[in-house]
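A short worksheet on the structure shown next.
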Protein chains: 2
Amino acid sequence: MVAGVLAGQVAAGARLIRWLEDDDPRGRVALGQVYPHTGRAHLVGVTGPGGVGKSTLVDMLITEQRRRGRRVGVVAVDPSSPFTGGAILGDRVRMQRHAADEGVFIRSMGTRGQLGGLARASYDAMLVLDAMGYEVIFVETVGVGQDEIEIVALAHSTIIVAAPGLGDEIQAIKAGLMEAGDLFVLNKADRDGALQTLRQLEMSLHLREQSVAADAWKPPVLQAVAARGEGGAGIVDVLDRHAQFLRASGAFAAQRARRAHEVFVKLLRDAAAKKILASALARPDAAAVLADVAACRLDPHAAADLLLERIS
Amino acid sequence: MVAGVLAGQVAAGARLIRWLEDDDPRGRVALGQVYPHTGRAHLVGVTGPGGVGKSTLVDMLITEQRRRGRRVGVVAVDPSSPFTGGAILGDRVRMQRHAADEGVFIRSMGTRGQLGGLARASYDAMLVLDAMGYEVIFVETVGVGQDEIEIVALAHSTIIVAAPGLGDEIQAIKAGLMEAGDLFVLNKADRDGALQTLRQLEMSLHLREQSVAADAWKPPVLQAVAARGEGGAGIVDVLDRHAQFLRASGAFAAQRARRAHEVFVKLLRDAAAKKILASALARPDAAAVLADVAACRLDPHAAADLLLERIS
């Protein structure tokens, strides 16, 4: 199967992703063998508030990347969905028109009940697509929550998508996402209020630029009408320029090591927590603490402190 | 200050919430003293996709609860915002018209950089508002991600808000949120497509009802036009009925113990993970593993397994 993944066979890749999601030990072994062959793909995160047309935009970008002869992988992440394994919800159905194209592989990721594991599962899927030889991999999220920010942080380049007239949502972008974006796209740019939203974005970016180094990347703001296929070439031009910028400074390769380090620490942390929690709760004196918590005699903070102190 | 909180003084309550957010040891001590006085408030979670008008709905529900003579607390949660301490974003400004009313206390919670801690901070804020004597506490989130679901799971009653014409978002509700709702509100019910969305919601609920016990709570679907103040009385009637239902079965009080248990386990887990991670990374042989990860010779899963094995 490892040979199949490295040869770019869709069935082999899909099976490996599924194994990794299911924590199947065979997945771990295969990943170890596939891992040295990763690091070539340009990983592009696409995020932004609901309703701005992220899936339609990714659909357009797939078309443009294919026009340039590149093989494209897509990891479509939906933290609110318990479905995975290629089930694509709502608008994402549109992307499926690329399903017949052998140069495009779309994989949908949901939570399947295991909260918190989505960033790790997305990372694993990106590694597999990378090893399969897809040259550009888009990671698209449904919203702008903590999970989503964590997921796009795994990419080389992050596109933040906005749309006119989402006043509240633009506020959220300003507050939490301005720093994460390498490229801002105002989609639905033919709608009322486009100019105003564009100005808001540009002003926020201007403020941000004043606090960064002179040779830092300056995130551009582009306009698009993805539903009509307008603006794709300009966006891919900027993505190519950003990848070039990262390669020139060595940041492209360095980011792979940084991502691996972060995922390693997270995995270690989760496994260690599971282990120590089980042993703490199995202590003979833990029952009394749990009873005090259940009877609301002891608040949760005090109870946790108490048990931790005894473990030490 | 504890006396101030129990007497319902806003300054004392705001300070305690801030201390708890900042992990100030004084906060822990005060919470321990305040904790036995909690458990009276009816905790109501309000969630749903972006753009359905959750804040406007909460604003209307505050007005209706005040009309019934109840003191109201609001915890407005925004995982994408690094701002807290009463900073209210966007639409939530509208709620601020209640700020002059001594019977209403609104507290906004953001991440302030500490990912994952938002559910705990929201729980702490609810405890403080509860101890201050607010009879109804609304916890409102901005979206429907994992964090949001975790937060509303801390409430007695959960309102899921939808709006007409958000096809994609309704899909998300169906997939992840149908089980979490005790009451569904179709807001903006005067808009095109209201009837269709209403039917979708009712059909999903009907499917859900077939798999639950006969004496289980049957979540109703209500309509509202919150921007015009329409539908508030009906929603509060159902909330009162749900609280009554929970009290009759003992579930109202039991939920307090369940919440406390969950938060306790989470706190213990986080603290234990922090501790064991530090000691694992301080091992002399950890440096070689970290170097292998950095050089991409070892994949993150294998590296974590290796170090965990050595700890055991």
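By convention in this document, the chains of the structure tokens carry letters A, B, ... by their order, each chain's residues are numbered from 1, and ligands are numbered from 1 in the order they are shown.
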Quick one: superpose chain A onto chain B using all C-alpha atoms paired in order, least squares, and give it to me as a CSV table (one decimal) with C-alpha atoms, in the first residue's frame.
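part.csv, freshly written:
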chain,number,residue,atom,x,y,z
A,1,MET,CA,-15.0,40.6,47.8
A,2,VAL,CA,-16.7,37.3,48.3
A,3,ALA,CA,-19.4,39.1,50.3
A,4,GLY,CA,-19.7,41.6,47.4
A,5,VAL,CA,-20.2,38.8,44.9
A,6,LEU,CA,-22.9,37.1,47.1
A,7,ALA,CA,-24.6,40.5,47.5
A,8,GLY,CA,-24.7,40.8,43.7
A,9,GLN,CA,-22.3,43.7,43.4
A,10,VAL,CA,-21.3,44.1,39.8
A,11,ALA,CA,-17.8,45.4,40.5
A,12,ALA,CA,-17.0,42.5,42.7
A,13,GLY,CA,-18.4,39.9,40.2
A,14,ALA,CA,-16.5,41.5,37.3
A,15,ARG,CA,-13.2,41.4,39.3
A,16,LEU,CA,-13.6,37.8,40.3
A,17,ILE,CA,-14.3,36.8,36.7
A,18,ARG,CA,-11.2,38.6,35.6
A,19,TRP,CA,-9.1,36.9,38.3
A,20,LEU,CA,-10.3,33.5,37.2
A,21,GLU,CA,-9.6,34.3,33.5
A,22,ASP,CA,-6.1,35.4,34.5
A,23,ASP,CA,-5.5,32.3,36.7
A,24,ASP,CA,-4.9,34.6,39.6
A,25,PRO,CA,-4.6,32.5,42.8
A,26,ARG,CA,-6.9,34.9,44.6
A,27,GLY,CA,-9.6,33.9,42.1
A,28,ARG,CA,-9.3,30.2,43.1
A,29,VAL,CA,-9.7,31.0,46.8
A,30,ALA,CA,-12.7,33.2,46.2
A,31,LEU,CA,-14.4,30.7,43.9
A,32,GLY,CA,-14.1,28.0,46.6
A,33,GLN,CA,-16.0,30.2,48.9
A,34,VAL,CA,-18.6,31.3,46.4
A,35,TYR,CA,-19.2,27.8,45.0
A,36,PRO,CA,-21.6,26.5,47.6
A,37,HIS,CA,-23.9,29.4,46.7
A,38,THR,CA,-24.3,28.4,43.1
A,39,GLY,CA,-26.8,26.0,41.5
A,40,ARG,CA,-29.8,28.2,41.6
A,41,ALA,CA,-29.7,29.9,38.1
A,42,HIS,CA,-31.3,28.5,35.0
A,43,LEU,CA,-28.4,28.3,32.5
A,44,VAL,CA,-29.5,28.7,28.9
A,45,GLY,CA,-27.1,28.1,26.0
A,46,VAL,CA,-27.8,30.0,22.7
A,47,THR,CA,-26.0,28.8,19.6
A,48,GLY,CA,-26.4,28.5,15.8
A,49,PRO,CA,-24.6,29.4,12.6
A,50,GLY,CA,-23.3,33.0,12.0
A,51,GLY,CA,-25.8,35.4,10.6
A,52,VAL,CA,-29.0,34.0,12.2
A,53,GLY,CA,-29.3,36.8,14.7
A,54,LYS,CA,-28.4,35.1,17.9
A,55,SER,CA,-27.4,38.4,19.7
A,56,THR,CA,-30.6,40.1,18.6
A,57,LEU,CA,-32.6,37.1,19.9
A,58,VAL,CA,-30.8,37.2,23.3
A,59,ASP,CA,-31.4,40.9,23.4
A,60,MET,CA,-35.2,40.2,23.0
A,61,LEU,CA,-35.1,37.4,25.6
A,62,ILE,CA,-33.4,39.7,28.1
A,63,THR,CA,-36.3,42.2,27.7
A,64,GLU,CA,-38.9,39.4,28.2
A,65,GLN,CA,-37.2,38.0,31.2
A,66,ARG,CA,-36.9,41.4,32.7
A,67,ARG,CA,-40.7,41.9,32.0
A,68,ARG,CA,-41.2,38.8,34.2
A,69,GLY,CA,-39.1,40.4,37.0
A,70,ARG,CA,-36.1,38.2,36.7
A,71,ARG,CA,-32.4,39.3,37.0
A,72,VAL,CA,-30.5,38.2,33.9
A,73,GLY,CA,-26.8,37.4,33.3
A,74,VAL,CA,-25.3,37.0,29.8
A,75,VAL,CA,-22.0,35.4,29.0
A,76,ALA,CA,-21.2,36.3,25.3
A,77,VAL,CA,-18.5,34.0,24.0
A,78,ASP,CA,-16.4,34.8,20.9
A,79,PRO,CA,-13.6,32.2,20.3
A,80,SER,CA,-12.3,34.2,17.4
A,81,SER,CA,-11.8,37.3,19.5
A,82,PRO,CA,-8.7,38.1,21.6
A,83,PHE,CA,-10.7,40.8,23.4
A,84,THR,CA,-12.4,40.3,26.7
A,85,GLY,CA,-13.4,42.2,29.8
A,86,GLY,CA,-16.7,43.6,28.6
A,87,ALA,CA,-15.6,44.4,25.0
A,88,ILE,CA,-18.6,43.6,22.9
A,89,LEU,CA,-18.2,43.1,19.2
A,90,GLY,CA,-20.5,44.0,16.3
A,91,ASP,CA,-24.2,43.2,16.8
A,92,ARG,CA,-23.6,42.6,20.5
A,93,VAL,CA,-23.4,46.3,20.9
A,94,ARG,CA,-27.2,46.2,20.8
A,95,MET,CA,-27.4,44.2,24.0
A,96,GLN,CA,-25.5,47.0,25.7
A,97,ARG,CA,-28.7,49.0,25.9
A,98,HIS,CA,-29.4,46.9,28.9
A,99,ALA,CA,-26.2,48.0,30.5
A,100,ALA,CA,-27.9,50.8,32.4
A,101,ASP,CA,-30.4,48.2,33.9
A,102,GLU,CA,-29.1,46.9,37.3
A,103,GLY,CA,-31.0,43.7,36.7
A,104,VAL,CA,-28.8,42.8,33.7
A,105,PHE,CA,-25.1,41.9,33.7
A,106,ILE,CA,-23.4,41.2,30.3
A,107,ARG,CA,-19.9,39.8,30.2
A,108,SER,CA,-18.0,39.1,26.9
A,109,MET,CA,-15.4,36.3,26.8
A,110,GLY,CA,-12.7,36.0,24.2
A,111,THR,CA,-9.7,33.7,23.9
A,112,ARG,CA,-6.9,36.1,24.9
A,113,GLY,CA,-4.5,33.7,23.2
A,114,GLN,CA,-5.1,30.7,25.4
A,115,LEU,CA,-6.7,28.3,23.0
A,116,GLY,CA,-8.9,25.7,24.6
A,117,GLY,CA,-9.4,27.5,27.9
A,118,LEU,CA,-12.6,29.3,26.7
A,119,ALA,CA,-15.0,26.6,27.9
A,120,ARG,CA,-13.5,26.7,31.4
A,121,ALA,CA,-13.5,30.5,31.5
A,122,SER,CA,-17.2,30.5,30.4
A,123,TYR,CA,-18.0,27.9,33.1
A,124,ASP,CA,-16.3,30.1,35.8
A,125,ALA,CA,-18.1,33.2,34.6
A,126,MET,CA,-21.5,31.3,34.8
A,127,LEU,CA,-20.6,30.2,38.4
A,128,VAL,CA,-19.9,33.8,39.4
A,129,LEU,CA,-23.1,35.2,37.8
A,130,ASP,CA,-25.0,32.3,39.5
A,131,ALA,CA,-23.6,33.2,42.9
A,132,MET,CA,-24.4,36.8,42.3
A,133,GLY,CA,-28.1,35.9,42.2
A,134,TYR,CA,-28.9,36.2,38.5
A,135,GLU,CA,-31.9,33.9,38.0
A,136,VAL,CA,-31.4,33.3,34.3
A,137,ILE,CA,-28.0,33.2,32.6
A,138,PHE,CA,-27.7,33.1,28.8
A,139,VAL,CA,-24.5,31.8,27.3
A,140,GLU,CA,-24.3,32.9,23.7
A,141,THR,CA,-21.7,31.7,21.1
A,142,VAL,CA,-20.8,33.1,17.7
A,143,GLY,CA,-20.9,29.9,15.7
A,144,VAL,CA,-21.3,26.2,15.8
A,145,GLY,CA,-17.7,24.8,16.1
A,146,GLN,CA,-16.4,22.3,18.6
A,147,ASP,CA,-15.7,25.0,21.2
A,148,GLU,CA,-19.2,26.3,20.9
A,149,ILE,CA,-20.8,22.9,21.3
A,150,GLU,CA,-18.6,22.3,24.4
A,151,ILE,CA,-19.7,25.6,25.9
A,152,VAL,CA,-23.4,25.2,25.4
A,153,ALA,CA,-23.1,21.6,26.8
A,154,LEU,CA,-22.6,23.4,30.1
A,155,ALA,CA,-26.1,24.8,30.1
A,156,HIS,CA,-29.4,23.3,31.4
A,157,SER,CA,-31.3,24.3,28.2
A,158,THR,CA,-30.0,24.9,24.8
A,159,ILE,CA,-31.6,27.1,22.1
A,160,ILE,CA,-30.5,26.4,18.6
A,161,VAL,CA,-31.1,29.4,16.3
A,162,ALA,CA,-31.6,29.1,12.6
A,163,ALA,CA,-32.7,31.5,9.8
A,164,PRO,CA,-34.4,31.0,6.4
A,165,GLY,CA,-32.2,30.4,3.4
A,166,LEU,CA,-29.0,29.3,5.0
A,167,GLY,CA,-29.1,25.9,3.3
A,168,ASP,CA,-25.5,25.0,4.0
A,169,GLU,CA,-25.7,26.1,7.6
A,170,ILE,CA,-28.9,24.2,8.2
A,171,GLN,CA,-27.1,21.1,6.9
A,172,ALA,CA,-24.5,21.7,9.6
A,173,ILE,CA,-27.2,22.1,12.2
A,174,LYS,CA,-28.7,18.8,11.2
A,175,ALA,CA,-25.4,17.0,11.2
A,176,GLY,CA,-24.0,18.1,14.5
A,177,LEU,CA,-26.5,20.1,16.6
A,178,MET,CA,-29.9,18.5,16.4
A,179,GLU,CA,-29.1,16.3,19.4
A,180,ALA,CA,-27.9,19.3,21.5
A,181,GLY,CA,-31.1,21.4,21.1
A,182,ASP,CA,-33.9,21.6,23.7
A,183,LEU,CA,-35.6,24.3,21.7
A,184,PHE,CA,-35.3,25.4,18.1
A,185,VAL,CA,-36.0,29.0,17.0
A,186,LEU,CA,-36.4,30.0,13.4
A,187,ASN,CA,-35.4,33.7,13.6
A,188,LYS,CA,-36.1,36.2,10.8
A,189,ALA,CA,-39.3,34.1,10.2
A,190,ASP,CA,-40.7,36.9,8.0
A,191,ARG,CA,-38.2,36.3,5.3
A,192,ASP,CA,-38.5,34.3,2.1
A,193,GLY,CA,-38.0,30.6,2.5
A,194,ALA,CA,-39.1,30.5,6.2
A,195,LEU,CA,-41.6,27.8,5.7
A,196,GLN,CA,-39.2,25.6,3.9
A,197,THR,CA,-36.5,25.9,6.6
A,198,LEU,CA,-39.2,25.3,9.2
A,199,ARG,CA,-40.2,22.1,7.5
A,200,GLN,CA,-36.6,21.0,7.3
A,201,LEU,CA,-36.1,21.5,11.0
A,202,GLU,CA,-39.4,19.8,11.9
A,203,MET,CA,-38.6,16.8,9.7
A,204,SER,CA,-35.1,16.4,11.3
A,205,LEU,CA,-36.7,16.6,14.8
A,206,HIS,CA,-39.3,14.1,13.8
A,207,LEU,CA,-36.6,11.6,12.8
A,208,ARG,CA,-34.8,12.3,16.1
A,209,GLU,CA,-37.9,11.7,18.2
A,210,GLN,CA,-38.3,8.2,16.9
A,211,SER,CA,-35.1,7.2,18.6
A,212,VAL,CA,-35.8,8.6,22.1
A,213,ALA,CA,-37.8,7.4,25.1
A,214,ALA,CA,-41.5,8.3,25.2
A,215,ASP,CA,-41.1,10.4,28.3
A,216,ALA,CA,-38.2,12.4,26.9
A,217,TRP,CA,-38.4,16.1,26.3
A,218,LYS,CA,-39.7,16.9,22.9
A,219,PRO,CA,-37.9,20.0,21.5
A,220,PRO,CA,-40.4,22.4,20.0
A,221,VAL,CA,-39.7,24.6,17.0
A,222,LEU,CA,-40.7,28.3,17.5
A,223,GLN,CA,-40.6,31.2,15.1
A,224,ALA,CA,-39.3,34.7,15.9
A,225,VAL,CA,-38.5,38.1,14.3
A,226,ALA,CA,-36.2,39.2,17.0
A,227,ALA,CA,-35.3,42.5,15.3
A,228,ARG,CA,-39.0,43.5,15.7
A,229,GLY,CA,-39.3,42.0,19.2
A,230,GLU,CA,-41.6,39.2,18.0
A,231,GLY,CA,-41.7,35.8,19.6
A,232,GLY,CA,-39.9,36.4,22.9
A,233,ALA,CA,-42.8,35.5,25.2
A,234,GLY,CA,-43.3,32.1,23.5
A,235,ILE,CA,-39.6,31.2,23.8
A,236,VAL,CA,-39.4,32.2,27.5
A,237,ASP,CA,-42.6,30.1,28.1
A,238,VAL,CA,-40.9,27.1,26.7
A,239,LEU,CA,-37.6,27.8,28.6
A,240,ASP,CA,-39.7,27.9,31.8
A,241,ARG,CA,-41.4,24.7,30.9
A,242,HIS,CA,-38.1,23.0,30.2
A,243,ALA,CA,-36.6,24.1,33.5
A,244,GLN,CA,-39.8,22.8,35.2
A,245,PHE,CA,-39.3,19.5,33.3
A,246,LEU,CA,-35.7,19.2,34.5
A,247,ARG,CA,-36.6,20.0,38.1
A,248,ALA,CA,-39.3,17.4,38.2
A,249,SER,CA,-36.9,14.6,37.2
A,250,GLY,CA,-34.1,15.9,39.4
A,251,ALA,CA,-32.0,16.5,36.3
A,252,PHE,CA,-31.7,20.3,37.1
A,253,ALA,CA,-29.6,19.7,40.2
A,254,ALA,CA,-27.9,16.6,38.8
A,255,GLN,CA,-26.6,18.6,35.9
A,256,ARG,CA,-24.7,20.8,38.3
A,257,ALA,CA,-22.8,17.8,39.6
A,258,ARG,CA,-22.2,16.5,36.1
A,259,ARG,CA,-20.8,19.9,34.9
A,260,ALA,CA,-18.5,20.1,38.0
A,261,HIS,CA,-17.2,16.5,37.3
A,262,GLU,CA,-16.5,17.3,33.6
A,263,VAL,CA,-14.7,20.5,34.5
A,264,PHE,CA,-12.7,18.8,37.2
A,265,VAL,CA,-11.5,16.0,34.9
A,266,LYS,CA,-10.6,18.6,32.3
A,267,LEU,CA,-8.6,20.7,34.7
A,268,LEU,CA,-6.8,17.6,36.1
A,269,ARG,CA,-6.1,16.4,32.6
A,270,ASP,CA,-4.6,19.8,31.4
A,271,ALA,CA,-2.5,20.3,34.5
A,272,ALA,CA,-1.2,16.7,34.4
A,273,ALA,CA,-0.4,16.9,30.7
A,274,LYS,CA,1.6,20.1,31.2
A,275,LYS,CA,3.6,18.5,33.9
A,276,ILE,CA,4.4,15.2,32.2
A,277,LEU,CA,5.2,17.0,28.9
A,278,ALA,CA,7.8,19.2,30.6
A,279,SER,CA,9.4,16.2,32.2
A,280,ALA,CA,9.4,14.1,29.0
A,281,LEU,CA,11.0,16.9,27.0
A,282,ALA,CA,13.7,17.4,29.7
A,283,ARG,CA,14.9,13.8,29.4
A,284,PRO,CA,18.5,13.5,28.1
A,285,ASP,CA,17.4,11.2,25.2
A,286,ALA,CA,14.5,13.5,24.2
A,287,ALA,CA,17.0,15.8,22.3
A,288,ALA,CA,17.8,13.0,19.8
A,289,VAL,CA,14.1,12.3,19.1
A,290,LEU,CA,13.4,16.0,18.7
A,291,ALA,CA,16.3,16.3,16.3
A,292,ASP,CA,15.0,13.4,14.2
A,293,VAL,CA,11.6,15.0,14.1
A,294,ALA,CA,13.2,18.4,13.0
A,295,ALA,CA,15.1,16.6,10.3
A,296,CYS,CA,12.0,14.8,9.2
A,297,ARG,CA,13.7,11.4,9.7
A,298,LEU,CA,11.0,10.4,12.1
A,299,ASP,CA,7.3,11.1,11.8
A,300,PRO,CA,5.5,12.8,14.7
A,301,HIS,CA,3.4,9.7,15.6
A,302,ALA,CA,6.4,7.4,15.8
A,303,ALA,CA,8.3,10.0,17.8
A,304,ALA,CA,5.6,10.4,20.3
A,305,ASP,CA,5.2,6.7,20.7
A,306,LEU,CA,8.9,6.3,21.2
A,307,LEU,CA,9.2,8.9,23.9
A,308,LEU,CA,6.0,7.6,25.7
A,309,GLU,CA,7.4,4.1,25.7
A,310,ARG,CA,10.6,5.3,27.4
A,311,ILE,CA,8.7,7.2,30.1
A,312,SER,CA,6.7,4.1,31.1
Using backbone DSSP assignments, extract all helix (DSSP H, G or I) residues from region 18-88 of chain B; output them as a VMD selection string.
chain B and resid 18 to 21 25 to 37 54 to 67
Pull C-alpha atoms from the residues just selected and write them as a PDB file, in the first residue's frame.
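Okay, this is what ended up in selection23.pdb:
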ATOM      1  CA  ARG B  18     -11.159  38.557  35.571  1.00  0.00           C
ATOM      2  CA  TRP B  19      -9.071  36.858  38.257  1.00  0.00           C
ATOM      3  CA  LEU B  20     -10.334  33.449  37.158  1.00  0.00           C
ATOM      4  CA  GLU B  21      -9.543  34.238  33.516  1.00  0.00           C
ATOM      5  CA  PRO B  25      -4.562  32.397  42.743  1.00  0.00           C
ATOM      6  CA  ARG B  26      -6.910  34.802  44.583  1.00  0.00           C
ATOM      7  CA  GLY B  27      -9.592  33.833  42.094  1.00  0.00           C
ATOM      8  CA  ARG B  28      -9.345  30.154  43.012  1.00  0.00           C
ATOM      9  CA  VAL B  29      -9.670  30.911  46.729  1.00  0.00           C
ATOM     10  CA  ALA B  30     -12.673  33.173  46.195  1.00  0.00           C
ATOM     11  CA  LEU B  31     -14.348  30.660  43.861  1.00  0.00           C
ATOM     12  CA  GLY B  32     -14.049  27.989  46.541  1.00  0.00           C
ATOM     13  CA  GLN B  33     -16.000  30.213  48.927  1.00  0.00           C
ATOM     14  CA  VAL B  34     -18.558  31.307  46.364  1.00  0.00           C
ATOM     15  CA  TYR B  35     -19.156  27.830  44.947  1.00  0.00           C
ATOM     16  CA  PRO B  36     -21.574  26.498  47.620  1.00  0.00           C
ATOM     17  CA  HIS B  37     -23.895  29.398  46.740  1.00  0.00           C
ATOM     18  CA  LYS B  54     -28.371  35.124  17.927  1.00  0.00           C
ATOM     19  CA  SER B  55     -27.394  38.372  19.648  1.00  0.00           C
ATOM     20  CA  THR B  56     -30.583  40.095  18.582  1.00  0.00           C
ATOM     21  CA  LEU B  57     -32.548  37.124  19.883  1.00  0.00           C
ATOM     22  CA  VAL B  58     -30.756  37.191  23.243  1.00  0.00           C
ATOM     23  CA  ASP B  59     -31.419  40.937  23.421  1.00  0.00           C
ATOM     24  CA  MET B  60     -35.141  40.243  23.009  1.00  0.00           C
ATOM     25  CA  LEU B  61     -35.062  37.427  25.573  1.00  0.00           C
ATOM     26  CA  ILE B  62     -33.375  39.717  28.118  1.00  0.00           C
ATOM     27  CA  THR B  63     -36.243  42.190  27.675  1.00  0.00           C
ATOM     28  CA  GLU B  64     -38.842  39.445  28.150  1.00  0.00           C
ATOM     29  CA  GLN B  65     -37.123  37.985  31.218  1.00  0.00           C
ATOM     30  CA  ARG B  66     -36.886  41.480  32.737  1.00  0.00           C
ATOM     31  CA  ARG B  67     -40.599  41.971  32.034  1.00  0.00           C
TER      32      ARG B  67
END
Please, which residues of region 19-88 of chain A, numbered as in this document, come out strand (DSSP E or B) from DSSP, as a PyMOL selection string?
chain A and resi 42-47+72-77
